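Coordinates as given in upload-v9.pdb (PDB, C-alpha atoms and all ligand atoms):
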MODEL        1
ATOM      1  CA  MET A 487       0.000   0.000   0.000  1.00  0.00           C
ATOM      2  CA  SER A 488       1.370   3.427  -0.924  1.00  0.00           C
ATOM      3  CA  ARG A 489       1.286   6.213   1.669  1.00  0.00           C
ATOM      4  CA  LYS A 490      -1.389   8.068  -0.332  1.00  0.00           C
ATOM      5  CA  GLU A 491      -3.725   5.105   0.147  1.00  0.00           C
ATOM      6  CA  VAL A 492      -3.384   4.948   3.931  1.00  0.00           C
ATOM      7  CA  GLN A 493      -6.694   5.681   5.666  1.00  0.00           C
ATOM      8  CA  PRO A 494      -7.432   6.314   9.373  1.00  0.00           C
ATOM      9  CA  LEU A 495      -8.780   2.774   9.771  1.00  0.00           C
ATOM     10  CA  HIS A 496      -5.451   1.315   8.633  1.00  0.00           C
ATOM     11  CA  ILE A 497      -3.714   3.411  11.284  1.00  0.00           C
ATOM     12  CA  TYR A 498      -6.275   2.648  13.976  1.00  0.00           C
ATOM     13  CA  ARG A 499      -5.740  -1.098  13.706  1.00  0.00           C
ATOM     14  CA  PHE A 500      -2.157  -0.678  14.967  1.00  0.00           C
ATOM     15  CA  LEU A 501      -2.892   1.771  17.798  1.00  0.00           C
ATOM     16  CA  PRO A 502      -3.243   0.508  21.414  1.00  0.00           C
ATOM     17  CA  ARG A 503      -7.025   1.085  21.180  1.00  0.00           C
ATOM     18  CA  THR A 504      -7.497   1.798  24.895  1.00  0.00           C
ATOM     19  CA  ASN A 505      -8.972   5.291  24.404  1.00  0.00           C
ATOM     20  CA  CYS A 506      -6.862   6.452  27.361  1.00  0.00           C
ATOM     21  CA  LYS A 507      -6.849  10.074  26.064  1.00  0.00           C
ATOM     22  CA  LEU A 508      -3.176  10.650  27.000  1.00  0.00           C
ATOM     23  CA  CYS A 509      -2.588  11.969  23.480  1.00  0.00           C
ATOM     24  CA  GLY A 510      -5.239  14.656  23.959  1.00  0.00           C
ATOM     25  CA  CYS A 511      -7.730  12.948  21.660  1.00  0.00           C
ATOM     26  CA  PRO A 512     -11.010  11.510  22.924  1.00  0.00           C
ATOM     27  CA  THR A 513     -10.418   8.178  21.158  1.00  0.00           C
ATOM     28  CA  CYS A 514      -7.673   6.258  19.388  1.00  0.00           C
ATOM     29  CA  TYR A 515      -9.712   6.555  16.216  1.00  0.00           C
ATOM     30  CA  SER A 516      -9.687  10.365  16.325  1.00  0.00           C
ATOM     31  CA  PHE A 517      -5.939  10.207  16.975  1.00  0.00           C
ATOM     32  CA  ALA A 518      -5.638   8.211  13.728  1.00  0.00           C
ATOM     33  CA  PHE A 519      -7.234  11.129  11.833  1.00  0.00           C
ATOM     34  CA  ASP A 520      -4.806  13.567  13.466  1.00  0.00           C
ATOM     35  CA  LEU A 521      -1.872  11.365  12.455  1.00  0.00           C
ATOM     36  CA  ILE A 522      -3.027  11.367   8.831  1.00  0.00           C
ATOM     37  CA  SER A 523      -3.364  15.171   8.842  1.00  0.00           C
ATOM     38  CA  ARG A 524      -0.031  15.429  10.723  1.00  0.00           C
ATOM     39  CA  ASP A 525      -1.689  17.512  13.423  1.00  0.00           C
ATOM     40  CA  ARG A 526      -0.167  14.991  15.868  1.00  0.00           C
ATOM     41  CA  THR A 527       2.761  12.604  15.700  1.00  0.00           C
ATOM     42  CA  LEU A 528       3.299   9.036  16.873  1.00  0.00           C
ATOM     43  CA  ASN A 529       5.290  10.430  19.812  1.00  0.00           C
ATOM     44  CA  ASP A 530       2.062  11.938  21.157  1.00  0.00           C
ATOM     45  CA  CYS A 531       0.798   8.471  22.126  1.00  0.00           C
ATOM     46  CA  PRO A 532       2.739   7.395  25.285  1.00  0.00           C
ATOM     47  CA  PRO A 533       1.466   3.773  25.315  1.00  0.00           C
ATOM     48  CA  LEU A 534       2.777   3.330  21.786  1.00  0.00           C
ATOM     49  CA  GLN A 535       6.304   3.952  23.020  1.00  0.00           C
ATOM     50  CA  GLU A 536       6.223   0.877  25.315  1.00  0.00           C
ATOM     51  CA  PRO A 537       8.473  -2.060  24.269  1.00  0.00           C
ATOM     52  CA  GLU A 538       5.537  -4.389  23.591  1.00  0.00           C
ATOM     53  CA  GLN A 539       4.256  -1.941  20.969  1.00  0.00           C
ATOM     54  CA  ALA A 540       7.535  -1.880  19.021  1.00  0.00           C
ATOM     55  CA  ASP A 541       6.194  -3.864  16.050  1.00  0.00           C
ATOM     56  CA  ALA A 542       3.052  -1.730  15.820  1.00  0.00           C
ATOM     57  CA  LEU A 543       5.133   1.448  16.017  1.00  0.00           C
ATOM     58  CA  LYS A 544       7.382   0.234  13.211  1.00  0.00           C
ATOM     59  CA  THR A 545       4.359  -0.520  11.014  1.00  0.00           C
ATOM     60  CA  LEU A 546       2.848   2.888  11.734  1.00  0.00           C
ATOM     61  CA  LYS A 547       6.114   4.636  10.878  1.00  0.00           C
ATOM     62  CA  GLY A 548       6.031   2.774   7.565  1.00  0.00           C
ATOM     63  CA  PHE A 549       2.474   3.991   6.909  1.00  0.00           C
ATOM     64  CA  LEU A 550       3.188   7.612   7.765  1.00  0.00           C
ATOM     65  CA  GLY A 551       6.786   8.023   6.587  1.00  0.00           C
ATOM     66  CA  GLU A 552       9.244  10.592   7.893  1.00  0.00           C
ATOM     67  CA  GLY A 553       7.495  13.615   6.427  1.00  0.00           C
ATOM     68  CA  GLU A 554       6.915  16.830   8.344  1.00  0.00           C
ATOM     69  CA  ARG A 555       4.025  19.164   7.673  1.00  0.00           C
ATOM     70  CA  ILE A 556       5.056  22.645   6.593  1.00  0.00           C
ATOM     71  CA  PRO A 557       3.221  25.029   8.969  1.00  0.00           C
ATOM     72  CA  GLY A 558       0.294  26.864   7.397  1.00  0.00           C
ATOM     73  CA  THR A 559       0.219  24.585   4.347  1.00  0.00           C
ATOM     74  CA  ASP A 560      -1.106  21.165   3.338  1.00  0.00           C
ATOM     75  CA  HIS A 561       2.375  20.055   2.319  1.00  0.00           C
ATOM     76  CA  VAL A 562       4.162  17.213   4.085  1.00  0.00           C
ATOM     77  CA  ILE A 563       7.762  16.893   2.924  1.00  0.00           C
ATOM     78  CA  ASP A 564       9.938  13.889   3.677  1.00  0.00           C
ATOM     79  CA  ARG A 565      13.465  15.274   3.436  1.00  0.00           C
ATOM     80  CA  THR A 566      14.952  11.799   3.802  1.00  0.00           C
ATOM     81  CA  ARG A 567      13.392  10.962   0.418  1.00  0.00           C
ATOM     82  CA  CYS A 568      13.441  14.285  -1.462  1.00  0.00           C
ATOM     83  CA  THR A 569      16.231  14.349  -4.041  1.00  0.00           C
ATOM     84  CA  GLY A 570      15.600  17.932  -5.122  1.00  0.00           C
ATOM     85  CA  CYS A 571      14.734  16.741  -8.623  1.00  0.00           C
ATOM     86  CA  GLY A 572      12.300  19.640  -9.100  1.00  0.00           C
ATOM     87  CA  ASP A 573       9.591  17.627 -10.891  1.00  0.00           C
ATOM     88  CA  CYS A 574       6.955  18.903  -8.466  1.00  0.00           C
ATOM     89  CA  VAL A 575       8.090  22.506  -8.998  1.00  0.00           C
ATOM     90  CA  LEU A 576       7.658  22.222 -12.763  1.00  0.00           C
ATOM     91  CA  ALA A 577       4.281  20.507 -12.391  1.00  0.00           C
ATOM     92  CA  CYS A 578       3.096  23.187  -9.990  1.00  0.00           C
ATOM     93  CA  GLY A 579       4.161  25.942 -12.395  1.00  0.00           C
ATOM     94  CA  ARG A 580       1.806  24.516 -15.005  1.00  0.00           C
ATOM     95  CA  ALA A 581      -0.990  23.851 -12.494  1.00  0.00           C
ATOM     96  CA  LEU A 582      -0.869  27.411 -11.186  1.00  0.00           C
ATOM     97  CA  THR A 583      -1.675  28.973 -14.539  1.00  0.00           C
ATOM     98  CA  THR A 584      -4.754  26.863 -15.251  1.00  0.00           C
ATOM     99  CA  VAL A 585      -8.020  26.205 -13.482  1.00  0.00           C
ATOM    100  CA  THR A 586     -10.982  23.965 -14.288  1.00  0.00           C
ATOM    101  CA  ILE A 587     -14.298  25.804 -14.333  1.00  0.00           C
ATOM    102  CA  GLY A 588     -17.422  23.790 -15.164  1.00  0.00           C
ATOM    103  CA  GLY A 589     -15.296  20.958 -16.509  1.00  0.00           C
ATOM    104  CA  ARG A 590     -13.360  23.264 -18.876  1.00  0.00           C
ATOM    105  CA  LEU A 591      -9.740  24.238 -18.550  1.00  0.00           C
ATOM    106  CA  SER A 592      -9.217  28.004 -18.386  1.00  0.00           C
ATOM    107  CA  LYS A 593      -6.130  30.189 -18.175  1.00  0.00           C
ATOM    108  CA  ARG A 594      -5.476  31.907 -14.885  1.00  0.00           C
ATOM    109  CA  GLU A 595      -3.435  35.037 -14.396  1.00  0.00           C
ATOM    110  CA  THR A 596       0.208  34.442 -13.510  1.00  0.00           C
ATOM    111  CA  VAL A 597       0.777  33.937  -9.797  1.00  0.00           C
ATOM    112  CA  PRO A 598       4.052  33.671  -7.857  1.00  0.00           C
ATOM    113  CA  GLU A 599       5.505  30.171  -7.653  1.00  0.00           C
ATOM    114  CA  VAL A 600       4.693  28.139  -4.551  1.00  0.00           C
ATOM    115  CA  LEU A 601       7.527  25.624  -4.534  1.00  0.00           C
ATOM    116  CA  GLN A 602      11.266  25.893  -4.954  1.00  0.00           C
ATOM    117  CA  VAL A 603      14.211  23.552  -4.536  1.00  0.00           C
ATOM    118  CA  ILE A 604      16.715  25.138  -2.172  1.00  0.00           C
ATOM    119  CA  ASN A 605      20.002  23.437  -1.290  1.00  0.00           C
ATOM    120  CA  GLY A 606      18.821  20.182  -2.864  1.00  0.00           C
ATOM    121  CA  SER A 607      15.503  19.939  -1.046  1.00  0.00           C
ATOM    122  CA  LEU A 608      11.958  21.114  -1.671  1.00  0.00           C
ATOM    123  CA  HIS A 609      10.629  24.196   0.136  1.00  0.00           C
ATOM    124  CA  VAL A 610       7.267  25.976   0.151  1.00  0.00           C
ATOM    125  CA  ILE A 611       8.232  29.588  -0.511  1.00  0.00           C
ATOM    126  CA  ASN A 612       4.842  31.142  -1.168  1.00  0.00           C
ATOM    127  CA  ALA A 613       1.985  29.269   0.491  1.00  0.00           C
ATOM    128  CA  PRO A 614      -0.786  31.818  -0.295  1.00  0.00           C
ATOM    129  CA  SER A 615      -0.263  31.181  -4.040  1.00  0.00           C
ATOM    130  CA  CYS A 616      -1.113  27.479  -3.659  1.00  0.00           C
ATOM    131  CA  LYS A 617      -4.480  26.650  -5.206  1.00  0.00           C
ATOM    132  CA  ARG A 618      -5.366  24.679  -2.083  1.00  0.00           C
ATOM    133  CA  SER A 619      -5.360  27.920  -0.087  1.00  0.00           C
ATOM    134  CA  ASP A 620      -8.267  29.168  -2.220  1.00  0.00           C
ATOM    135  CA  LYS A 621     -11.355  27.052  -1.598  1.00  0.00           C
ATOM    136  CA  SER A 622     -13.029  28.393  -4.732  1.00  0.00           C
ATOM    137  CA  LEU A 623     -10.449  26.529  -6.841  1.00  0.00           C
ATOM    138  CA  ASP A 624     -10.011  22.812  -7.515  1.00  0.00           C
ATOM    139  CA  LEU A 625      -8.385  20.826  -4.715  1.00  0.00           C
ATOM    140  CA  CYS A 626      -5.082  20.608  -6.536  1.00  0.00           C
ATOM    141  CA  GLY A 627      -2.742  17.704  -5.831  1.00  0.00           C
ATOM    142  CA  VAL A 628      -0.529  17.841  -8.885  1.00  0.00           C
ATOM    143  CA  CYS A 629       2.779  18.355  -7.085  1.00  0.00           C
ATOM    144  CA  ALA A 630       2.434  15.314  -4.816  1.00  0.00           C
ATOM    145  CA  ASP A 631       1.143  13.159  -7.667  1.00  0.00           C
ATOM    146  CA  ARG A 632       4.215  14.080  -9.675  1.00  0.00           C
ATOM    147  CA  CYS A 633       6.833  13.177  -7.066  1.00  0.00           C
ATOM    148  CA  PRO A 634       8.568   9.946  -8.140  1.00  0.00           C
ATOM    149  CA  PHE A 635       9.950   9.247  -4.667  1.00  0.00           C
ATOM    150  CA  GLU A 636       6.881   9.585  -2.391  1.00  0.00           C
ATOM    151  CA  ALA A 637       8.660  12.514  -0.753  1.00  0.00           C
ATOM    152  CA  LEU A 638       5.669  14.843  -0.892  1.00  0.00           C
ATOM    153  CA  ASP A 639       2.177  14.382   0.529  1.00  0.00           C
ATOM    154  CA  LEU A 640      -0.778  16.741   0.838  1.00  0.00           C
ATOM    155  CA  VAL A 641      -3.110  16.686   3.803  1.00  0.00           C
ATOM    156  CA  LYS A 642      -6.362  18.359   4.697  1.00  0.00           C
ATOM    157  CA  ALA A 643      -6.394  22.158   4.384  1.00  0.00           C
ATOM    158  CA  GLU A 644      -6.224  24.422   7.424  1.00  0.00           C
ATOM    159  CA  PRO A 645      -8.607  25.395   8.903  1.00  0.00           C
ATOM    160  CA  ARG A 646     -10.059  21.918   8.786  1.00  0.00           C
ATOM    161  CA  ASP A 647     -13.258  21.516   6.803  1.00  0.00           C
ATOM    162  CA  ASP A 648     -15.144  20.282   9.866  1.00  0.00           C
ATOM    163  CA  ASP A 649     -14.250  23.574  11.632  1.00  0.00           C
ATOM    164  CA  ASP A 650     -16.326  25.607   9.125  1.00  0.00           C
TER     165      ASP A 650
HETATM  166  S1  LIG B 701      -2.690   8.028  23.829  1.00  0.00           S
HETATM  167 FE1  LIG B 701      -2.642   6.366  22.344  1.00  0.00          FE
HETATM  168  S2  LIG B 701      -3.798   4.717  23.331  1.00  0.00           S
HETATM  169 FE2  LIG B 701      -4.323   6.618  24.388  1.00  0.00          FE
HETATM  170  S3  LIG B 701      -6.152   7.422  23.301  1.00  0.00           S
HETATM  171 FE3  LIG B 701      -4.374   8.359  22.358  1.00  0.00          FE
HETATM  172  S4  LIG B 701      -3.919   6.997  20.638  1.00  0.00           S
HETATM  173 FE4  LIG B 701      -5.233   5.838  22.014  1.00  0.00          FE
HETATM  174  S1  LIG B 702      -1.196  21.788  -4.555  1.00  0.00           S
HETATM  175 FE1  LIG B 702      -1.175  22.541  -6.712  1.00  0.00          FE
HETATM  176  S2  LIG B 702      -0.925  24.768  -6.531  1.00  0.00           S
HETATM  177 FE2  LIG B 702      -0.383  23.893  -4.541  1.00  0.00          FE
HETATM  178  S3  LIG B 702       1.843  23.598  -4.609  1.00  0.00           S
HETATM  179 FE3  LIG B 702       0.916  21.669  -5.297  1.00  0.00          FE
HETATM  180  S4  LIG B 702       0.761  21.806  -7.541  1.00  0.00           S
HETATM  181 FE4  LIG B 702       1.125  23.875  -6.729  1.00  0.00          FE
HETATM  182  S1  LIG B 703       9.368  16.453  -3.427  1.00  0.00           S
HETATM  183 FE1  LIG B 703       9.658  14.833  -4.950  1.00  0.00          FE
HETATM  184  S2  LIG B 703       9.311  15.796  -6.953  1.00  0.00           S
HETATM  185 FE2  LIG B 703       9.639  17.437  -5.443  1.00  0.00          FE
HETATM  186  S3  LIG B 703      11.843  17.916  -5.543  1.00  0.00           S
HETATM  187 FE3  LIG B 703      11.567  16.397  -3.891  1.00  0.00          FE
HETATM  188  S4  LIG B 703      11.854  14.395  -4.885  1.00  0.00           S
HETATM  189 FE4  LIG B 703      11.534  15.890  -6.540  1.00  0.00          FE
ENDMDL
END

Whole structure, structure tokens version:
Amino acid sequence: MSRKEVQPLHIYRFLPRTNCKLCGCPTCYSFAFDLISRDRTLNDCPPLQEPEQADALKTLKGFLGEGERIPGTDHVIDRTRCTGCGDCVLACGRALTTVTIGGRLSKRETVPEVLQVINGSLHVINAPSCKRSDKSLDLCGVCADRCPFEALDLVKAEPRDDDD
């Protein structure tokens, strides 16, 4: 299973499932959602750090990868995997200048680039330009789809939809 296919239920199956609330979530299942959105990390679950949970923790790390969410964006970048190839930057450049309205592709005015490779690793340099920051636009995912190394993921936009 690729990381993009991992759902909260997959995560939940490997959590301690005691609903102890030590992580700050009301249930282990809600913690699974927060792990997917990277609002919390595996370190936030104390029982998961116990020796008897080592196998489960290893599996969960495999599901979630080493990526870190860039604050204020949907982007999760795994710098242990990013080669700085720039494929996502090129793909984003094309995505930024087009938008689908009523099923038809239309040109959009030029906007500043969102992504840039700096010192061999991807960075988000202009988050407000990202189409995902504008809810009136398509929920773009072109950059992550383009990454050949599973180094880039996109998670739910902030503020979360269920906060509306
Ligand atoms: S701390 Fe871990 S075991 Fe306790 S509720 Fe949170 S996820 Fe479940
Ligand atoms: S989600 Fe779309 S607009 Fe945003 S950085 Fe990725 S490709 Fe660019
Ligand atoms: S995130 Fe992926 S596509 Fe983008 S520069 Fe890194 S390796 Fe290349």

- Task: Using the chain letters and numbers from the file, give me the residues hit by the PyMOL selection byres (((not hetatm)) within 12 of (chain B and resi 703)), as JSON, numbers by chain.
- Result: {"A": [553, 561, 562, 563, 564, 565, 566, 567, 568, 569, 570, 571, 572, 573, 574, 575, 576, 577, 578, 600, 601, 602, 603, 604, 605, 606, 607, 608, 609, 610, 628, 629, 630, 631, 632, 633, 634, 635, 636, 637, 638, 639, 640]}

- Message: With distances taken over only C-alpha atoms, which residue among A:Asp560, A:Glu599, A:Lys490, A:Ala613 lies nearest Lys642 (chain A)?
- Response: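 Going through A:Asp560, A:Glu599, A:Lys490, A:Ala613 one by one, the smallest distance to Lys642 (chain A) is for A:Asp560.
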
- Query: So how many Å separate CA of Thr583 (chain A) and CA of Ile522 (chain A), to one decimal?
  - Reply: 29.3 Å

- Message: Could you check which residues have any atom within 10 Å of (6.2, 12.2, 15.2), counting all atoms listed in the file with coordinates taken straight from the file, and then list them as a ChimeraX atom specification?
- Response: /A:521,524-531,547,550-554

- Query: Near Arg499 (chain A), within 10 Å and counting all atoms listed in the file, which residues show up once chain neighbours fewer than 3 positions away are dropped, as a list of chain:residue names?
  - Reply: A:Pro494, A:Leu495, A:His496, A:Pro502, A:Arg503, A:Cys514, A:Tyr515, A:Ala518, A:Ala542, A:Leu546

- Residues within 6 Å of ligand LIG 701 (chain B) should be enumerated using all atoms listed in the file and returned as a ChimeraX atom specification. /A:502-509,511,513-514,517,531-533

- Length of the CA of Val585 (chain A) to CA of Asn612 (chain A) vector [Å]: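 Between CA of Val585 (chain A) and CA of Asn612 (chain A) the gap is 18.5 Å.
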
- Note on the structure: From the list A:Val641, A:Val492, A:Val597, A:Leu582, the nearest residue to ligand LIG 702 (chain B) using all atoms listed in the file is A:Leu582

Region 623-639 of chain A: axis-aligned bounding box, 4 Å on each side, centre and edge lengths in Å, one decimal, as JSON:
{"center_x": -0.2, "center_y": 17.9, "center_z": -4.6, "size_x": 28.4, "size_y": 25.3, "size_z": 18.2}

- Item | Nearest to Lys617 (chain A) by atom-to-atom distance, counting all atoms listed in the file, from A:Ala581, A:Phe519, A:Arg555, A:Glu595 |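 Selected residue with least distance to Lys617 (chain A): A:Ala581.
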